[in-house]
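First the structure, in the form of C-alpha cells, and then the observations on it.
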Amino acid sequence: MGTAADTATAAREQFMHRAITLARRSLAAGGPPVGAVLVRDGAIVAEAQNAVIPQTDVTAHAEMMLLREACRDQRRLHLSGDELYVTVEPCMMCFGACAYAGIASIYFGAPIADLAAITGRELAVDPGVVTKGPALHGGLCGKECSALLSEWQQARNVQSGVAGTTGKQSG
Ligand SMILES: [Zn+2]
C-alpha cells in the first residue's frame, strides 16, 4: 500500500468516526444509531442523524436529513461529486434520493442486513436491479457500526421487557 492510499483511508475513517458520533447521539435518545456526513473537497459540509422518532417522520433517515440540510443551505438541488458517509448501508429510499442529488460515492459501515435483523422491515438496494446512482463502498469501520446496532437492539430488548411492549419504534 502506498502512502497516498493510506492517507485516503485514514481520511475516510475520520469522516466515518464523525458519523459514528452522530449515530451515538441518536442512540442516546433511544433512536436507531445511524449518522451521516457529507464530504466535499475533503471536508465535511453537512451532518445529520436519524430523526424518525423525534420528528415522527418515517422519511427522516440520516441520509434524507443530510440531503435536505445540504440542499437547503446551499440553495441547490445537485450535490454532484459529493461523498456521503453513513454508519449503515442506505435503504432504497435514501439511495434513490442520493442518486437524484448526484452523490458520487456512498461509504457505509454496517450492512443493512444487520439493521433488518433488528427491525425486520428494511428495504435493501438490489444491485442486480439498480444499475445507476452512487457507487457503494461498504465495511468502513464496519465492526464499530455493527456494534452500535447491537447496543440499540439490547436497549430495545430491555425496554420492551420492562414496558411489556413489542418495540414498535423501528426505522
Ligand atoms: Zn434510509
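Residue names in the C-alpha cells use chain letters A, B, ... in the order shown, residue numbers from 1 in each chain, and ligand numbers from 1 in the order shown.
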
Subject >> 9 Å shell around ligand 1 using only C-alpha atoms and all ligand atoms, listed as a list in words >> reply: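 So the residues close to ligand 1 are Asn50, Thr59, Ala60, His61, Ala62, Glu63, Met64, Val88, Glu89, Pro90, Cys91, Met92, Met93, Cys94, Phe95, Glu122, Leu123 and Gly171 of chain A.
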
Grab the residues selected above and save them as a compact mmCIF listing (two decimals), in the first residue's frame with C-alpha atoms.
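Below you can see selection_39.txt, which holds the result:
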# COMPACT_ATOMS: atom_id res chain seq x y z
CA ASN A 50 -31.70 9.62 12.19
CA THR A 59 -38.63 9.55 5.90
CA ALA A 60 -36.32 11.21 8.44
CA HIS A 61 -33.45 8.77 7.89
CA ALA A 62 -29.98 10.24 8.47
CA GLU A 63 -29.22 10.45 4.74
CA MET A 64 -32.52 12.21 3.97
CA VAL A 88 -25.39 1.80 7.96
CA GLU A 89 -25.85 0.82 4.31
CA PRO A 90 -28.53 3.07 2.76
CA CYS A 91 -32.05 1.79 2.15
CA MET A 92 -33.80 2.08 -1.22
CA MET A 93 -35.38 5.43 -0.33
CA CYS A 94 -32.08 7.02 0.70
CA PHE A 95 -30.11 5.51 -2.15
CA GLU A 122 -35.62 -2.52 5.91
CA LEU A 123 -35.77 -2.18 2.12
CA GLY A 171 -36.98 2.58 11.44

Wanna dump the segment 52-122 of chain A-segment 133-137 of chain A contacts at 10 Å for me, each residue with its shortest atom pair and the distance in Å to one decimal, counting only C-alpha atoms, ordered by chain and number, as JSON lines?
{"residue": "A:Gly81", "atom": "CA", "partner": "A:Pro134", "partner_atom": "CA", "distance": 9.5}
{"residue": "A:Asp82", "atom": "CA", "partner": "A:Pro134", "partner_atom": "CA", "distance": 9.8}
{"residue": "A:Glu83", "atom": "CA", "partner": "A:Pro134", "partner_atom": "CA", "distance": 8.9}
{"residue": "A:Leu84", "atom": "CA", "partner": "A:Pro134", "partner_atom": "CA", "distance": 9.3}
{"residue": "A:Tyr85", "atom": "CA", "partner": "A:His137", "partner_atom": "CA", "distance": 9.6}
{"residue": "A:Glu89", "atom": "CA", "partner": "A:Leu136", "partner_atom": "CA", "distance": 8.5}
{"residue": "A:Pro90", "atom": "CA", "partner": "A:Leu136", "partner_atom": "CA", "distance": 9.1}
{"residue": "A:Phe95", "atom": "CA", "partner": "A:Pro134", "partner_atom": "CA", "distance": 7.7}
{"residue": "A:Gly96", "atom": "CA", "partner": "A:Gly133", "partner_atom": "CA", "distance": 7.6}
{"residue": "A:Ala97", "atom": "CA", "partner": "A:Gly133", "partner_atom": "CA", "distance": 9.4}
{"residue": "A:Cys98", "atom": "CA", "partner": "A:Pro134", "partner_atom": "CA", "distance": 7.0}
{"residue": "A:Ala99", "atom": "CA", "partner": "A:Gly133", "partner_atom": "CA", "distance": 4.5}
{"residue": "A:Tyr100", "atom": "CA", "partner": "A:Gly133", "partner_atom": "CA", "distance": 7.9}
{"residue": "A:Ala101", "atom": "CA", "partner": "A:Gly133", "partner_atom": "CA", "distance": 9.4}
{"residue": "A:Gly102", "atom": "CA", "partner": "A:Pro134", "partner_atom": "CA", "distance": 7.4}
{"residue": "A:Ile103", "atom": "CA", "partner": "A:Pro134", "partner_atom": "CA", "distance": 5.7}
{"residue": "A:Ala104", "atom": "CA", "partner": "A:Pro134", "partner_atom": "CA", "distance": 4.8}
{"residue": "A:Ser105", "atom": "CA", "partner": "A:Ala135", "partner_atom": "CA", "distance": 4.6}
{"residue": "A:Ile106", "atom": "CA", "partner": "A:Leu136", "partner_atom": "CA", "distance": 5.0}
{"residue": "A:Tyr107", "atom": "CA", "partner": "A:His137", "partner_atom": "CA", "distance": 4.8}
{"residue": "A:Phe108", "atom": "CA", "partner": "A:His137", "partner_atom": "CA", "distance": 6.3}
{"residue": "A:Gly109", "atom": "CA", "partner": "A:His137", "partner_atom": "CA", "distance": 8.7}

Original post:
Got a sec to tell me which of segment 25-154 of chain A DSSP assigns to strand (DSSP E or B), as a PyMOL selection string?
Top reply: chain A and resi 35-40+43-49+83-88+91+105-110+124+135-137

For the selection just defined, write its residues with N, CA and C atoms to a file, as a PDB file, in the first residue's frame.
ATOM      1  N   GLY A  35     -25.876   7.685  11.694  1.00  0.00           N
ATOM      2  CA  GLY A  35     -25.399   9.051  11.495  1.00  0.00           C
ATOM      3  C   GLY A  35     -24.766   9.160  10.124  1.00  0.00           C
ATOM      4  N   ALA A  36     -24.730  10.382   9.573  1.00  0.00           N
ATOM      5  CA  ALA A  36     -24.183  10.569   8.227  1.00  0.00           C
ATOM      6  C   ALA A  36     -23.515  11.930   8.103  1.00  0.00           C
ATOM      7  N   VAL A  37     -22.491  11.994   7.269  1.00  0.00           N
ATOM      8  CA  VAL A  37     -21.853  13.276   6.946  1.00  0.00           C
ATOM      9  C   VAL A  37     -21.672  13.374   5.434  1.00  0.00           C
ATOM     10  N   LEU A  38     -21.676  14.615   4.948  1.00  0.00           N
ATOM     11  CA  LEU A  38     -21.467  14.874   3.529  1.00  0.00           C
ATOM     12  C   LEU A  38     -20.098  15.515   3.374  1.00  0.00           C
ATOM     13  N   VAL A  39     -19.305  15.005   2.442  1.00  0.00           N
ATOM     14  CA  VAL A  39     -17.937  15.483   2.253  1.00  0.00           C
ATOM     15  C   VAL A  39     -17.745  16.048   0.849  1.00  0.00           C
ATOM     16  N   ARG A  40     -17.184  17.237   0.805  1.00  0.00           N
ATOM     17  CA  ARG A  40     -16.858  17.875  -0.478  1.00  0.00           C
ATOM     18  C   ARG A  40     -15.426  18.393  -0.424  1.00  0.00           C
ATOM     19  N   ALA A  43     -13.598  17.885   2.895  1.00  0.00           N
ATOM     20  CA  ALA A  43     -14.067  18.481   4.150  1.00  0.00           C
ATOM     21  C   ALA A  43     -15.558  18.208   4.356  1.00  0.00           C
ATOM     22  N   ILE A  44     -15.956  18.063   5.618  1.00  0.00           N
ATOM     23  CA  ILE A  44     -17.368  17.835   5.939  1.00  0.00           C
ATOM     24  C   ILE A  44     -18.147  19.134   5.754  1.00  0.00           C
ATOM     25  N   VAL A  45     -19.221  19.085   4.924  1.00  0.00           N
ATOM     26  CA  VAL A  45     -20.022  20.286   4.675  1.00  0.00           C
ATOM     27  C   VAL A  45     -21.426  20.185   5.271  1.00  0.00           C
ATOM     28  N   ALA A  46     -21.829  18.982   5.724  1.00  0.00           N
ATOM     29  CA  ALA A  46     -23.133  18.823   6.373  1.00  0.00           C
ATOM     30  C   ALA A  46     -23.115  17.523   7.172  1.00  0.00           C
ATOM     31  N   GLU A  47     -23.929  17.481   8.220  1.00  0.00           N
ATOM     32  CA  GLU A  47     -24.010  16.262   9.019  1.00  0.00           C
ATOM     33  C   GLU A  47     -25.410  16.108   9.594  1.00  0.00           C
ATOM     34  N   ALA A  48     -25.798  14.859   9.856  1.00  0.00           N
ATOM     35  CA  ALA A  48     -27.152  14.602  10.343  1.00  0.00           C
ATOM     36  C   ALA A  48     -27.225  13.229  11.000  1.00  0.00           C
ATOM     37  N   GLN A  49     -28.302  13.022  11.729  1.00  0.00           N
ATOM     38  CA  GLN A  49     -28.549  11.726  12.344  1.00  0.00           C
ATOM     39  C   GLN A  49     -30.009  11.350  12.127  1.00  0.00           C
ATOM     40  N   GLU A  83     -19.325  13.171  -1.531  1.00  0.00           N
ATOM     41  CA  GLU A  83     -19.286  11.824  -0.965  1.00  0.00           C
ATOM     42  C   GLU A  83     -20.128  11.818   0.308  1.00  0.00           C
ATOM     43  N   LEU A  84     -20.882  10.735   0.481  1.00  0.00           N
ATOM     44  CA  LEU A  84     -21.714  10.608   1.676  1.00  0.00           C
ATOM     45  C   LEU A  84     -21.182   9.446   2.523  1.00  0.00           C
ATOM     46  N   TYR A  85     -21.015   9.696   3.804  1.00  0.00           N
ATOM     47  CA  TYR A  85     -20.562   8.667   4.741  1.00  0.00           C
ATOM     48  C   TYR A  85     -21.687   8.391   5.722  1.00  0.00           C
ATOM     49  N   VAL A  86     -22.086   7.136   5.847  1.00  0.00           N
ATOM     50  CA  VAL A  86     -23.206   6.789   6.723  1.00  0.00           C
ATOM     51  C   VAL A  86     -22.885   5.482   7.453  1.00  0.00           C
ATOM     52  N   THR A  87     -23.303   5.392   8.706  1.00  0.00           N
ATOM     53  CA  THR A  87     -22.904   4.252   9.534  1.00  0.00           C
ATOM     54  C   THR A  87     -23.555   2.939   9.119  1.00  0.00           C
ATOM     55  N   VAL A  88     -24.716   3.019   8.425  1.00  0.00           N
ATOM     56  CA  VAL A  88     -25.390   1.800   7.961  1.00  0.00           C
ATOM     57  C   VAL A  88     -25.686   1.939   6.461  1.00  0.00           C
ATOM     58  N   CYS A  91     -30.879   2.514   2.630  1.00  0.00           N
ATOM     59  CA  CYS A  91     -32.049   1.786   2.151  1.00  0.00           C
ATOM     60  C   CYS A  91     -32.380   2.271   0.738  1.00  0.00           C
ATOM     61  N   SER A 105     -20.339   9.009  -4.460  1.00  0.00           N
ATOM     62  CA  SER A 105     -19.996   7.780  -3.743  1.00  0.00           C
ATOM     63  C   SER A 105     -20.610   7.765  -2.359  1.00  0.00           C
ATOM     64  N   ILE A 106     -20.998   6.573  -1.915  1.00  0.00           N
ATOM     65  CA  ILE A 106     -21.505   6.383  -0.559  1.00  0.00           C
ATOM     66  C   ILE A 106     -20.608   5.368   0.142  1.00  0.00           C
ATOM     67  N   TYR A 107     -20.047   5.774   1.263  1.00  0.00           N
ATOM     68  CA  TYR A 107     -19.260   4.862   2.095  1.00  0.00           C
ATOM     69  C   TYR A 107     -20.093   4.521   3.323  1.00  0.00           C
ATOM     70  N   PHE A 108     -20.277   3.226   3.592  1.00  0.00           N
ATOM     71  CA  PHE A 108     -21.067   2.861   4.765  1.00  0.00           C
ATOM     72  C   PHE A 108     -20.320   1.865   5.643  1.00  0.00           C
ATOM     73  N   GLY A 109     -20.789   1.754   6.888  1.00  0.00           N
ATOM     74  CA  GLY A 109     -20.146   0.859   7.846  1.00  0.00           C
ATOM     75  C   GLY A 109     -20.810  -0.500   7.888  1.00  0.00           C
ATOM     76  N   ALA A 110     -21.916  -0.604   8.603  1.00  0.00           N
ATOM     77  CA  ALA A 110     -22.612  -1.888   8.771  1.00  0.00           C
ATOM     78  C   ALA A 110     -23.516  -2.188   7.586  1.00  0.00           C
ATOM     79  N   ALA A 124     -33.713  -3.115   1.258  1.00  0.00           N
ATOM     80  CA  ALA A 124     -32.337  -3.073   0.770  1.00  0.00           C
ATOM     81  C   ALA A 124     -32.276  -2.777  -0.719  1.00  0.00           C
ATOM     82  N   ALA A 135     -21.796   5.149  -6.332  1.00  0.00           N
ATOM     83  CA  ALA A 135     -21.030   3.926  -6.104  1.00  0.00           C
ATOM     84  C   ALA A 135     -21.075   3.608  -4.611  1.00  0.00           C
ATOM     85  N   LEU A 136     -21.337   2.351  -4.278  1.00  0.00           N
ATOM     86  CA  LEU A 136     -21.442   1.945  -2.872  1.00  0.00           C
ATOM     87  C   LEU A 136     -20.169   1.249  -2.417  1.00  0.00           C
ATOM     88  N   HIS A 137     -19.641   1.690  -1.271  1.00  0.00           N
ATOM     89  CA  HIS A 137     -18.452   1.067  -0.684  1.00  0.00           C
ATOM     90  C   HIS A 137     -18.761   0.705   0.768  1.00  0.00           C
TER      91      HIS A 137
END

Subject >> Expected answer as a PyMOL selection string: alpha helix (DSSP H) residues in chain A >> reply: chain A and resi 3-28+52-55+62-74+92-101+112-119+142-163

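Nearest residue to Leu27 of chain A, choosing from A:Ile112, A:Val158, A:Ile118, A:Leu149 and counting only C-alpha atoms: A:Leu149.
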
Original post:
Of the residues A:Gly42, A:Gly30, A:Gly138, A:Gly120, which is the one nearest to Pro54 of chain A, using only C-alpha atoms?
Top reply: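 Using only C-alpha atoms, Pro54 of chain A sits closest to A:Gly30.
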
**OP:** Please provide the set of residues having any atom within 6 Å of Pro33 of chain A, restricted to only C-alpha atoms, with same-chain residues fewer than 5 positions apart removed, written as a PyMOL selection string.
**Re:** chain A and resi 23-24+26-27

Original post:
In terms of the shortest atom-to-atom distance over only C-alpha atoms, which of A:Gln159, A:Arg75, A:Leu66, A:Asp114 is closest to Ala147 of chain A?
Top reply: A:Asp114

Original post:
Nearest to Arg18 of chain A: which of A:Ala70, A:Cys145, A:Leu79, A:Ala155 is it, counting only C-alpha atoms?
Top reply: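 Counting only C-alpha atoms, the residue closest to Arg18 of chain A is A:Cys145.
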